[in-house]
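S.K.: Here it is, the structure, as structure tokens.
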Amino acid sequence: MSATRAEYCVIACAEAWRGAGEVLASPMGLIPSLGARLARLTFAPDLLLTDGEALLVRPDGTPEGWLPYRQHLELVAGGRRHVMMGASQLDRYGNQNISCIGDWSQPRRQLLGVRGAPLNTLNNPTSYWVPRHSRRVFVERVDMVCGVGYDRAAGLGAAGRFHRIARVVTDLAVLDFATPDHSMRLVSVHPGASVEQVREATGFELAVPDGVPYTREPEAAELRLVREVLDPQGARTREVPEGAGG
Amino acid sequence: MADKTMTAEEVVSRLASGMTLGIGGWGSRRKPMALVRALLRSGIGDLTVVAYGGPDVGMLAAAGRIRRLVTAFVTLDSVPLEPHYRAARERGGFELTEVDEGMFQCGLRAAAQRLPFLPVRAGIGSDVMRVNPDLRTVTSPYADGETLVAMPALRLDAALVHVHRADRLGNGQCLGPDPYFDDLFCEAADAAYVSCERIVDTAELTKAAVPQSLLLKRLAVTGVVEAPNGAHFTSCAPEYGRDEEFQRRYATTPWPEFAARFLGADEAAYRTAVEVWRTERQR
């Protein structure tokens, strides 16, 4: 039973919540959602999940709590949450942009807005999911800093003490910031992708250790959960097609 | 006790160009669309709009009624980017105060509590500080000495919200899973206008629902408008979901064309226009 690219992505997202304990998983997008639920069903059984609306739910959908937006914002500030957000742009220190492309005062392309990214990044662990690893996303400098990166957090004193960007998962690779200056580092490439391909698709110089491993293989039980329980319709393949980026 | 019922037109007659207007709901969810439509039919403009933005913002921006927008995002949810808002923003159609969702909530809270600001950690280190040069920070007077954003109160001249039930006195009930921030909008405003799916007797409010569903207190409400389907085409869970098909129509039709066909003379004309459109689609 060999895994697809989308399934490696699900596994890599799920790993973001390993060891997170009894906190809220806030995945944005399909693949991170599958990852959070997979983690909850396997190695992170204490995770809390939302239905994407106002309820905390068990994996089968049974409500176990109420979390309307106002309480969700409080919970973010309290820190007991690990969010996996999207990013329209991301730089080497993890500064993230979802607001606009071009000059903010009159953008070339207006996007969503900063949403909760400033709150998230200063208050709870944050990871990012990028379904198309490209130079358009991985840029030297983001146009509008929504999510705060390590270089900026370093100068914030007490206000930066809860800042942590755990990992970035893309359709090609897993990245983190475990370097002396917290610049982005290649952790693993998904089978079928190469280190060279990741370098090529990244608009800044990436820290690449010797001997980058492949993203770990899903266990048979994990694959079964993804395929038969969490996403029997195979929607994951629409977000990350087979042969992605290659 | 005062009967606060009024029509959407009466609400609009109490608003004026240049006002700061808060609009409840979230994205394309439980927006007071009947009131927004009435506003669009009036000549009122030059508005400072304060909202977790959806089609309310898209329509007002497209119609050129917004001088300044205060928001953390604008989205149609199932259509992630609001096309009319985007177009207006990309042509520099209005000024923008872009803050984080949590900062926005703090601003409403400060206004509701008659405070000049509330401290919040969000915003520090982000470009929200760069694009809002008037934002100030405050240093904790305690041993931690942390620097925080002093989020200024978002005081509103008027608030518009839509809930499920209300009585004639202005007690408003939310039967959906998420109250969003509608009570805060009302408390942050000098005058709050509440549209609702149905006006019922006070005793009726708690016959079938728990008292915790009584979201809006009448002391914070100025006027009550009965507006069945008044959140259309946004969602009003659990009574109705988003009208996805109609929202797609809104998102793909040039604004002048959409306005000419669907705004009509009043809410009844809007409902008729939507019905005619639906019948045409089904043929």
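Residue numbering restarts at 1 for every chain of the structure tokens, chains are lettered A, B, ... in their displayed order, and ligands are numbered from 1 as they appear.
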Can you list every residue in range 76-210 of chain A that DSSP puts in strand (DSSP E), as a PyMOL selection string?

M.R.: chain A and resi 81-85+89-90+96-97+100-101+109-110+126-130+165-170+173-176+185-189

S.K.: Got time to write the residues from that selection, N, CA and C atoms, as a JSON list (two decimals), in the first residue's frame?

M.R.:
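Output (part_20.json):
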```json
[["chain", "number", "residue", "atom", "x", "y", "z"],
["A", 81, "ARG", "N", -3.75, 26.40, 21.95],
["A", 81, "ARG", "CA", -4.21, 26.17, 20.59],
["A", 81, "ARG", "C", -2.98, 26.07, 19.70],
["A", 82, "HIS", "N", -3.07, 25.23, 18.69],
["A", 82, "HIS", "CA", -2.04, 25.21, 17.65],
["A", 82, "HIS", "C", -2.76, 25.31, 16.32],
["A", 83, "VAL", "N", -2.55, 26.43, 15.64],
["A", 83, "VAL", "CA", -3.23, 26.70, 14.38],
["A", 83, "VAL", "C", -2.33, 26.32, 13.22],
["A", 84, "MET", "N", -2.94, 25.81, 12.15],
["A", 84, "MET", "CA", -2.22, 25.66, 10.89],
["A", 84, "MET", "C", -2.93, 26.52, 9.84],
["A", 85, "MET", "N", -2.30, 27.66, 9.52],
["A", 85, "MET", "CA", -2.91, 28.64, 8.63],
["A", 85, "MET", "C", -2.39, 28.47, 7.20],
["A", 89, "GLN", "N", 1.99, 34.56, 0.98],
["A", 89, "GLN", "CA", 3.43, 34.77, 0.92],
["A", 89, "GLN", "C", 4.04, 34.38, 2.27],
["A", 90, "LEU", "N", 5.27, 33.88, 2.20],
["A", 90, "LEU", "CA", 5.98, 33.47, 3.42],
["A", 90, "LEU", "C", 7.46, 33.74, 3.17],
["A", 96, "GLN", "N", 4.36, 36.04, 7.40],
["A", 96, "GLN", "CA", 3.31, 35.52, 6.52],
["A", 96, "GLN", "C", 2.38, 36.63, 6.08],
["A", 97, "ASN", "N", 1.90, 36.52, 4.85],
["A", 97, "ASN", "CA", 0.99, 37.53, 4.31],
["A", 97, "ASN", "C", -0.25, 36.87, 3.72],
["A", 100, "CYS", "N", -2.70, 41.31, 1.16],
["A", 100, "CYS", "CA", -2.75, 41.87, -0.19],
["A", 100, "CYS", "C", -1.40, 41.70, -0.86],
["A", 101, "ILE", "N", -1.41, 41.75, -2.19],
["A", 101, "ILE", "CA", -0.17, 41.67, -2.98],
["A", 101, "ILE", "C", 0.09, 43.06, -3.55],
["A", 109, "ARG", "N", -3.40, 43.31, -5.84],
["A", 109, "ARG", "CA", -4.38, 42.25, -5.64],
["A", 109, "ARG", "C", -4.78, 42.21, -4.17],
["A", 110, "GLN", "N", -6.02, 42.54, -3.91],
["A", 110, "GLN", "CA", -6.52, 42.50, -2.54],
["A", 110, "GLN", "C", -6.86, 41.07, -2.17],
["A", 126, "THR", "N", 2.04, 28.25, 15.88],
["A", 126, "THR", "CA", 1.46, 28.42, 14.55],
["A", 126, "THR", "C", 2.26, 27.63, 13.54],
["A", 127, "SER", "N", 1.54, 26.95, 12.65],
["A", 127, "SER", "CA", 2.19, 26.29, 11.52],
["A", 127, "SER", "C", 1.51, 26.77, 10.24],
["A", 128, "TYR", "N", 2.14, 26.49, 9.13],
["A", 128, "TYR", "CA", 1.57, 26.93, 7.84],
["A", 128, "TYR", "C", 1.44, 25.75, 6.88],
["A", 129, "TRP", "N", 0.40, 25.85, 6.07],
["A", 129, "TRP", "CA", 0.16, 24.85, 5.01],
["A", 129, "TRP", "C", 0.14, 25.58, 3.67],
["A", 130, "VAL", "N", 0.99, 25.15, 2.78],
["A", 130, "VAL", "CA", 1.10, 25.76, 1.44],
["A", 130, "VAL", "C", 0.89, 24.66, 0.39],
["A", 165, "ILE", "N", 6.73, 29.42, 15.65],
["A", 165, "ILE", "CA", 6.25, 28.86, 14.39],
["A", 165, "ILE", "C", 6.83, 27.47, 14.29],
["A", 166, "ALA", "N", 5.95, 26.48, 14.34],
["A", 166, "ALA", "CA", 6.41, 25.11, 14.50],
["A", 166, "ALA", "C", 6.93, 24.55, 13.18],
["A", 167, "ARG", "N", 6.10, 24.56, 12.15],
["A", 167, "ARG", "CA", 6.52, 23.96, 10.88],
["A", 167, "ARG", "C", 5.73, 24.51, 9.71],
["A", 168, "VAL", "N", 6.29, 24.30, 8.54],
["A", 168, "VAL", "CA", 5.61, 24.64, 7.29],
["A", 168, "VAL", "C", 5.53, 23.35, 6.49],
["A", 169, "VAL", "N", 4.32, 23.01, 6.09],
["A", 169, "VAL", "CA", 4.13, 21.83, 5.25],
["A", 169, "VAL", "C", 3.68, 22.29, 3.87],
["A", 170, "THR", "N", 4.31, 21.76, 2.83],
["A", 170, "THR", "CA", 3.92, 22.09, 1.46],
["A", 170, "THR", "C", 3.65, 20.80, 0.69],
["A", 173, "ALA", "N", 7.38, 19.36, 0.64],
["A", 173, "ALA", "CA", 8.34, 19.18, 1.73],
["A", 173, "ALA", "C", 7.78, 19.62, 3.08],
["A", 174, "VAL", "N", 8.57, 19.34, 4.11],
["A", 174, "VAL", "CA", 8.34, 19.85, 5.45],
["A", 174, "VAL", "C", 9.52, 20.76, 5.80],
["A", 175, "LEU", "N", 9.20, 21.93, 6.34],
["A", 175, "LEU", "CA", 10.25, 22.89, 6.71],
["A", 175, "LEU", "C", 10.04, 23.35, 8.14],
["A", 176, "ASP", "N", 11.14, 23.79, 8.79],
["A", 176, "ASP", "CA", 10.98, 24.39, 10.12],
["A", 176, "ASP", "C", 11.99, 25.52, 10.26],
["A", 185, "ARG", "N", 14.39, 26.04, 7.30],
["A", 185, "ARG", "CA", 15.25, 24.90, 7.06],
["A", 185, "ARG", "C", 14.43, 23.77, 6.46],
["A", 186, "LEU", "N", 15.02, 23.06, 5.54],
["A", 186, "LEU", "CA", 14.36, 21.90, 4.96],
["A", 186, "LEU", "C", 14.49, 20.72, 5.90],
["A", 187, "VAL", "N", 13.35, 20.17, 6.32],
["A", 187, "VAL", "CA", 13.36, 19.05, 7.27],
["A", 187, "VAL", "C", 13.26, 17.72, 6.54],
["A", 188, "SER", "N", 12.34, 17.64, 5.59],
["A", 188, "SER", "CA", 12.19, 16.41, 4.80],
["A", 188, "SER", "C", 11.52, 16.75, 3.48],
["A", 189, "VAL", "N", 11.76, 15.93, 2.48],
["A", 189, "VAL", "CA", 11.01, 16.07, 1.22],
["A", 189, "VAL", "C", 10.08, 14.87, 1.10]]
```

S.K.: Based on only C-alpha atoms, which of the residues in chain A come within 7 Å of chain B? I want them as a PyMOL selection string.

M.R.: chain A and resi 54+68-70+73+106-116+118-119+122+144-148+152-153+156+158-159

S.K.: Could you go through range 16-229 of chain A and tell me which residues DSSP, when run on the backbone, assigns to alpha helix (DSSP H), listing them as a PyMOL selection string?

M.R.: chain A and resi 30-41+69-78+117-123+150-154+195-200+220-224

S.K.: Show which residues sit within 12 Å of Arg18 in chain A, as a list in words. Count only C-alpha atoms, and ignore same-chain residues fewer than 3 positions away.

M.R.: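 In the requested form, the answer reads Ile11, Ala12, Cys13, Ala14, Glu15, Gly21, Glu22, Val23, Ala25, Gly35, Ala36, Arg37, Leu38, Ala39, Arg40, Leu41, Thr42, Phe43, Ala44, Pro45, Asp46, Leu47, His82, Ala166 and Arg167 of chain A.
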
S.K.: Restricted to N, CA and C atoms, what would the selected residues look like written as a PDB file, in the first residue's frame?

M.R.:
```pdb
ATOM      1  N   ILE A  11      -0.030  13.311   6.563  1.00  0.00           N
ATOM      2  CA  ILE A  11       0.837  12.808   7.646  1.00  0.00           C
ATOM      3  C   ILE A  11       1.723  13.936   8.192  1.00  0.00           C
ATOM      4  N   ALA A  12       2.290  14.695   7.263  1.00  0.00           N
ATOM      5  CA  ALA A  12       3.198  15.779   7.673  1.00  0.00           C
ATOM      6  C   ALA A  12       2.444  16.852   8.462  1.00  0.00           C
ATOM      7  N   CYS A  13       1.206  17.113   8.083  1.00  0.00           N
ATOM      8  CA  CYS A  13       0.391  18.067   8.850  1.00  0.00           C
ATOM      9  C   CYS A  13       0.050  17.492  10.217  1.00  0.00           C
ATOM     10  N   ALA A  14      -0.342  16.222  10.244  1.00  0.00           N
ATOM     11  CA  ALA A  14      -0.705  15.582  11.517  1.00  0.00           C
ATOM     12  C   ALA A  14       0.438  15.685  12.519  1.00  0.00           C
ATOM     13  N   GLU A  15       1.664  15.519  12.034  1.00  0.00           N
ATOM     14  CA  GLU A  15       2.838  15.563  12.914  1.00  0.00           C
ATOM     15  C   GLU A  15       2.997  16.901  13.641  1.00  0.00           C
ATOM     16  N   GLY A  21      -0.631  17.883  23.338  1.00  0.00           N
ATOM     17  CA  GLY A  21      -1.411  17.756  24.574  1.00  0.00           C
ATOM     18  C   GLY A  21      -2.853  18.152  24.378  1.00  0.00           C
ATOM     19  N   GLU A  22      -3.474  18.650  25.480  1.00  0.00           N
ATOM     20  CA  GLU A  22      -4.897  18.958  25.448  1.00  0.00           C
ATOM     21  C   GLU A  22      -5.086  20.410  25.003  1.00  0.00           C
ATOM     22  N   VAL A  23      -4.926  20.620  23.696  1.00  0.00           N
ATOM     23  CA  VAL A  23      -5.078  21.958  23.125  1.00  0.00           C
ATOM     24  C   VAL A  23      -6.011  21.855  21.925  1.00  0.00           C
ATOM     25  N   ALA A  25      -6.827  22.079  18.128  1.00  0.00           N
ATOM     26  CA  ALA A  25      -6.219  22.063  16.797  1.00  0.00           C
ATOM     27  C   ALA A  25      -7.088  22.910  15.884  1.00  0.00           C
ATOM     28  N   GLY A  35      -5.232  16.108   8.643  1.00  0.00           N
ATOM     29  CA  GLY A  35      -4.081  15.887   9.521  1.00  0.00           C
ATOM     30  C   GLY A  35      -4.449  15.988  10.986  1.00  0.00           C
ATOM     31  N   ALA A  36      -5.219  17.017  11.331  1.00  0.00           N
ATOM     32  CA  ALA A  36      -5.605  17.215  12.732  1.00  0.00           C
ATOM     33  C   ALA A  36      -6.465  16.051  13.224  1.00  0.00           C
ATOM     34  N   ARG A  37      -7.394  15.626  12.375  1.00  0.00           N
ATOM     35  CA  ARG A  37      -8.276  14.530  12.797  1.00  0.00           C
ATOM     36  C   ARG A  37      -7.505  13.214  12.871  1.00  0.00           C
ATOM     37  N   LEU A  38      -6.574  13.034  11.959  1.00  0.00           N
ATOM     38  CA  LEU A  38      -5.737  11.832  12.013  1.00  0.00           C
ATOM     39  C   LEU A  38      -4.907  11.823  13.303  1.00  0.00           C
ATOM     40  N   ALA A  39      -4.332  12.963  13.635  1.00  0.00           N
ATOM     41  CA  ALA A  39      -3.540  13.050  14.868  1.00  0.00           C
ATOM     42  C   ALA A  39      -4.407  12.713  16.084  1.00  0.00           C
ATOM     43  N   ARG A  40      -5.618  13.277  16.104  1.00  0.00           N
ATOM     44  CA  ARG A  40      -6.547  13.051  17.218  1.00  0.00           C
ATOM     45  C   ARG A  40      -6.898  11.563  17.372  1.00  0.00           C
ATOM     46  N   LEU A  41      -7.034  10.887  16.206  1.00  0.00           N
ATOM     47  CA  LEU A  41      -7.434   9.475  16.225  1.00  0.00           C
ATOM     48  C   LEU A  41      -6.266   8.540  16.500  1.00  0.00           C
ATOM     49  N   THR A  42      -5.053   9.069  16.454  1.00  0.00           N
ATOM     50  CA  THR A  42      -3.898   8.181  16.620  1.00  0.00           C
ATOM     51  C   THR A  42      -2.987   8.629  17.761  1.00  0.00           C
ATOM     52  N   PHE A  43      -2.013   9.476  17.458  1.00  0.00           N
ATOM     53  CA  PHE A  43      -0.972   9.749  18.460  1.00  0.00           C
ATOM     54  C   PHE A  43      -1.203  10.991  19.308  1.00  0.00           C
ATOM     55  N   ALA A  44      -2.318  11.711  19.071  1.00  0.00           N
ATOM     56  CA  ALA A  44      -2.597  12.901  19.890  1.00  0.00           C
ATOM     57  C   ALA A  44      -4.047  12.864  20.380  1.00  0.00           C
ATOM     58  N   PRO A  45      -4.384  11.863  21.189  1.00  0.00           N
ATOM     59  CA  PRO A  45      -5.788  11.615  21.535  1.00  0.00           C
ATOM     60  C   PRO A  45      -6.426  12.710  22.392  1.00  0.00           C
ATOM     61  N   ASP A  46      -5.624  13.576  22.975  1.00  0.00           N
ATOM     62  CA  ASP A  46      -6.207  14.620  23.829  1.00  0.00           C
ATOM     63  C   ASP A  46      -6.567  15.900  23.065  1.00  0.00           C
ATOM     64  N   LEU A  47      -6.229  15.964  21.790  1.00  0.00           N
ATOM     65  CA  LEU A  47      -6.529  17.165  20.984  1.00  0.00           C
ATOM     66  C   LEU A  47      -8.012  17.506  21.014  1.00  0.00           C
ATOM     67  N   HIS A  82      -3.070  25.228  18.689  1.00  0.00           N
ATOM     68  CA  HIS A  82      -2.037  25.205  17.652  1.00  0.00           C
ATOM     69  C   HIS A  82      -2.765  25.313  16.319  1.00  0.00           C
ATOM     70  N   ALA A 166       5.950  26.482  14.345  1.00  0.00           N
ATOM     71  CA  ALA A 166       6.414  25.107  14.499  1.00  0.00           C
ATOM     72  C   ALA A 166       6.934  24.545  13.176  1.00  0.00           C
ATOM     73  N   ARG A 167       6.096  24.556  12.146  1.00  0.00           N
ATOM     74  CA  ARG A 167       6.521  23.964  10.880  1.00  0.00           C
ATOM     75  C   ARG A 167       5.734  24.509   9.710  1.00  0.00           C
TER      76      ARG A 167
END
```

S.K.: Hey, which bits of range 49-151 of chain B sit within 10 Å of range 229-245 of chain B, and for each residue what's the closest pair of atoms and how far apart in Å (one decimal), counting only C-alpha atoms, rows by chain and increasing number, as JSON lines?

M.R.:
```
{"residue": "B:Gly54", "atom": "CA", "partner": "B:Thr234", "partner_atom": "CA", "distance": 8.6}
{"residue": "B:Pro55", "atom": "CA", "partner": "B:Thr234", "partner_atom": "CA", "distance": 8.1}
{"residue": "B:Asp56", "atom": "CA", "partner": "B:Thr234", "partner_atom": "CA", "distance": 9.6}
{"residue": "B:Leu76", "atom": "CA", "partner": "B:Thr234", "partner_atom": "CA", "distance": 8.5}
{"residue": "B:Asp77", "atom": "CA", "partner": "B:Thr234", "partner_atom": "CA", "distance": 9.7}
{"residue": "B:Ser78", "atom": "CA", "partner": "B:Glu244", "partner_atom": "CA", "distance": 7.8}
{"residue": "B:Val79", "atom": "CA", "partner": "B:Glu244", "partner_atom": "CA", "distance": 9.2}
```

S.K.: Since we have the selection now, will you write its residues out, keeping all heavy atoms, as a PDB file, in the first residue's frame?

M.R.:
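Here's the written file result_28.pdb:
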```pdb
ATOM      1  N   GLY B  54     -18.426  41.133   5.002  1.00  0.00           N
ATOM      2  CA  GLY B  54     -18.983  40.208   4.017  1.00  0.00           C
ATOM      3  C   GLY B  54     -19.595  41.012   2.890  1.00  0.00           C
ATOM      4  O   GLY B  54     -19.081  42.082   2.544  1.00  0.00           O
ATOM      5  N   PRO B  55     -20.729  40.542   2.349  1.00  0.00           N
ATOM      6  CA  PRO B  55     -21.353  41.255   1.235  1.00  0.00           C
ATOM      7  C   PRO B  55     -21.894  42.632   1.629  1.00  0.00           C
ATOM      8  O   PRO B  55     -22.105  43.472   0.750  1.00  0.00           O
ATOM      9  CB  PRO B  55     -22.491  40.322   0.803  1.00  0.00           C
ATOM     10  CG  PRO B  55     -22.749  39.448   1.978  1.00  0.00           C
ATOM     11  CD  PRO B  55     -21.431  39.284   2.664  1.00  0.00           C
ATOM     12  N   ASP B  56     -22.119  42.844   2.917  1.00  0.00           N
ATOM     13  CA  ASP B  56     -22.506  44.190   3.386  1.00  0.00           C
ATOM     14  C   ASP B  56     -21.444  45.199   2.943  1.00  0.00           C
ATOM     15  O   ASP B  56     -21.743  46.225   2.325  1.00  0.00           O
ATOM     16  CB  ASP B  56     -22.671  44.208   4.913  1.00  0.00           C
ATOM     17  CG  ASP B  56     -21.478  43.591   5.652  1.00  0.00           C
ATOM     18  OD1 ASP B  56     -20.748  42.765   5.058  1.00  0.00           O
ATOM     19  OD2 ASP B  56     -21.268  43.938   6.832  1.00  0.00           O
ATOM     20  N   LEU B  76     -16.725  36.193   1.466  1.00  0.00           N
ATOM     21  CA  LEU B  76     -18.063  35.614   1.305  1.00  0.00           C
ATOM     22  C   LEU B  76     -18.068  34.159   1.788  1.00  0.00           C
ATOM     23  O   LEU B  76     -18.987  33.412   1.468  1.00  0.00           O
ATOM     24  CB  LEU B  76     -18.497  35.699  -0.165  1.00  0.00           C
ATOM     25  CG  LEU B  76     -18.652  37.113  -0.744  1.00  0.00           C
ATOM     26  CD1 LEU B  76     -18.942  37.059  -2.239  1.00  0.00           C
ATOM     27  CD2 LEU B  76     -19.779  37.857  -0.022  1.00  0.00           C
ATOM     28  N   ASP B  77     -17.046  33.768   2.529  1.00  0.00           N
ATOM     29  CA  ASP B  77     -16.919  32.410   3.086  1.00  0.00           C
ATOM     30  C   ASP B  77     -16.755  31.354   2.000  1.00  0.00           C
ATOM     31  O   ASP B  77     -15.655  30.888   1.767  1.00  0.00           O
ATOM     32  CB  ASP B  77     -18.099  32.051   4.000  1.00  0.00           C
ATOM     33  CG  ASP B  77     -18.127  32.911   5.254  1.00  0.00           C
ATOM     34  OD1 ASP B  77     -17.047  33.311   5.713  1.00  0.00           O
ATOM     35  OD2 ASP B  77     -19.221  33.197   5.771  1.00  0.00           O
ATOM     36  N   SER B  78     -17.852  30.966   1.353  1.00  0.00           N
ATOM     37  CA  SER B  78     -17.743  29.933   0.306  1.00  0.00           C
ATOM     38  C   SER B  78     -17.102  30.513  -0.957  1.00  0.00           C
ATOM     39  O   SER B  78     -16.612  29.768  -1.800  1.00  0.00           O
ATOM     40  CB  SER B  78     -19.106  29.323  -0.002  1.00  0.00           C
ATOM     41  OG  SER B  78     -20.057  30.331  -0.253  1.00  0.00           O
ATOM     42  N   VAL B  79     -17.125  31.807  -1.109  1.00  0.00           N
ATOM     43  CA  VAL B  79     -16.317  32.513  -2.121  1.00  0.00           C
ATOM     44  C   VAL B  79     -15.283  33.290  -1.298  1.00  0.00           C
ATOM     45  O   VAL B  79     -15.615  34.306  -0.704  1.00  0.00           O
ATOM     46  CB  VAL B  79     -17.161  33.495  -2.961  1.00  0.00           C
ATOM     47  CG1 VAL B  79     -16.299  34.225  -3.986  1.00  0.00           C
ATOM     48  CG2 VAL B  79     -18.320  32.768  -3.642  1.00  0.00           C
TER      49      VAL B  79
END
```

S.K.: In Å, how far is it from CA of Arg261 in chain B to CA of Arg165 in chain B?

M.R.: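 Between these atoms lies a distance of 29.6 Å.
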
S.K.: May I ask which of the residues B:Ala51, B:Ala150, B:Met33, B:Leu135 is the closest one to Pro119 in chain B, counting only C-alpha atoms?

M.R.: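 Closest candidate: B:Ala150.
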
S.K.: Pick out the residues sitting within 10 Å of range 37-44 of chain B, and hand them over as a ChimeraX atom specification; count only C-alpha atoms, and ignore anything fewer than 3 positions along from it in its own chain.

M.R.: /B:7-13,15-19,32-34,47,56,59-60,63-66,230,259,262-267,270
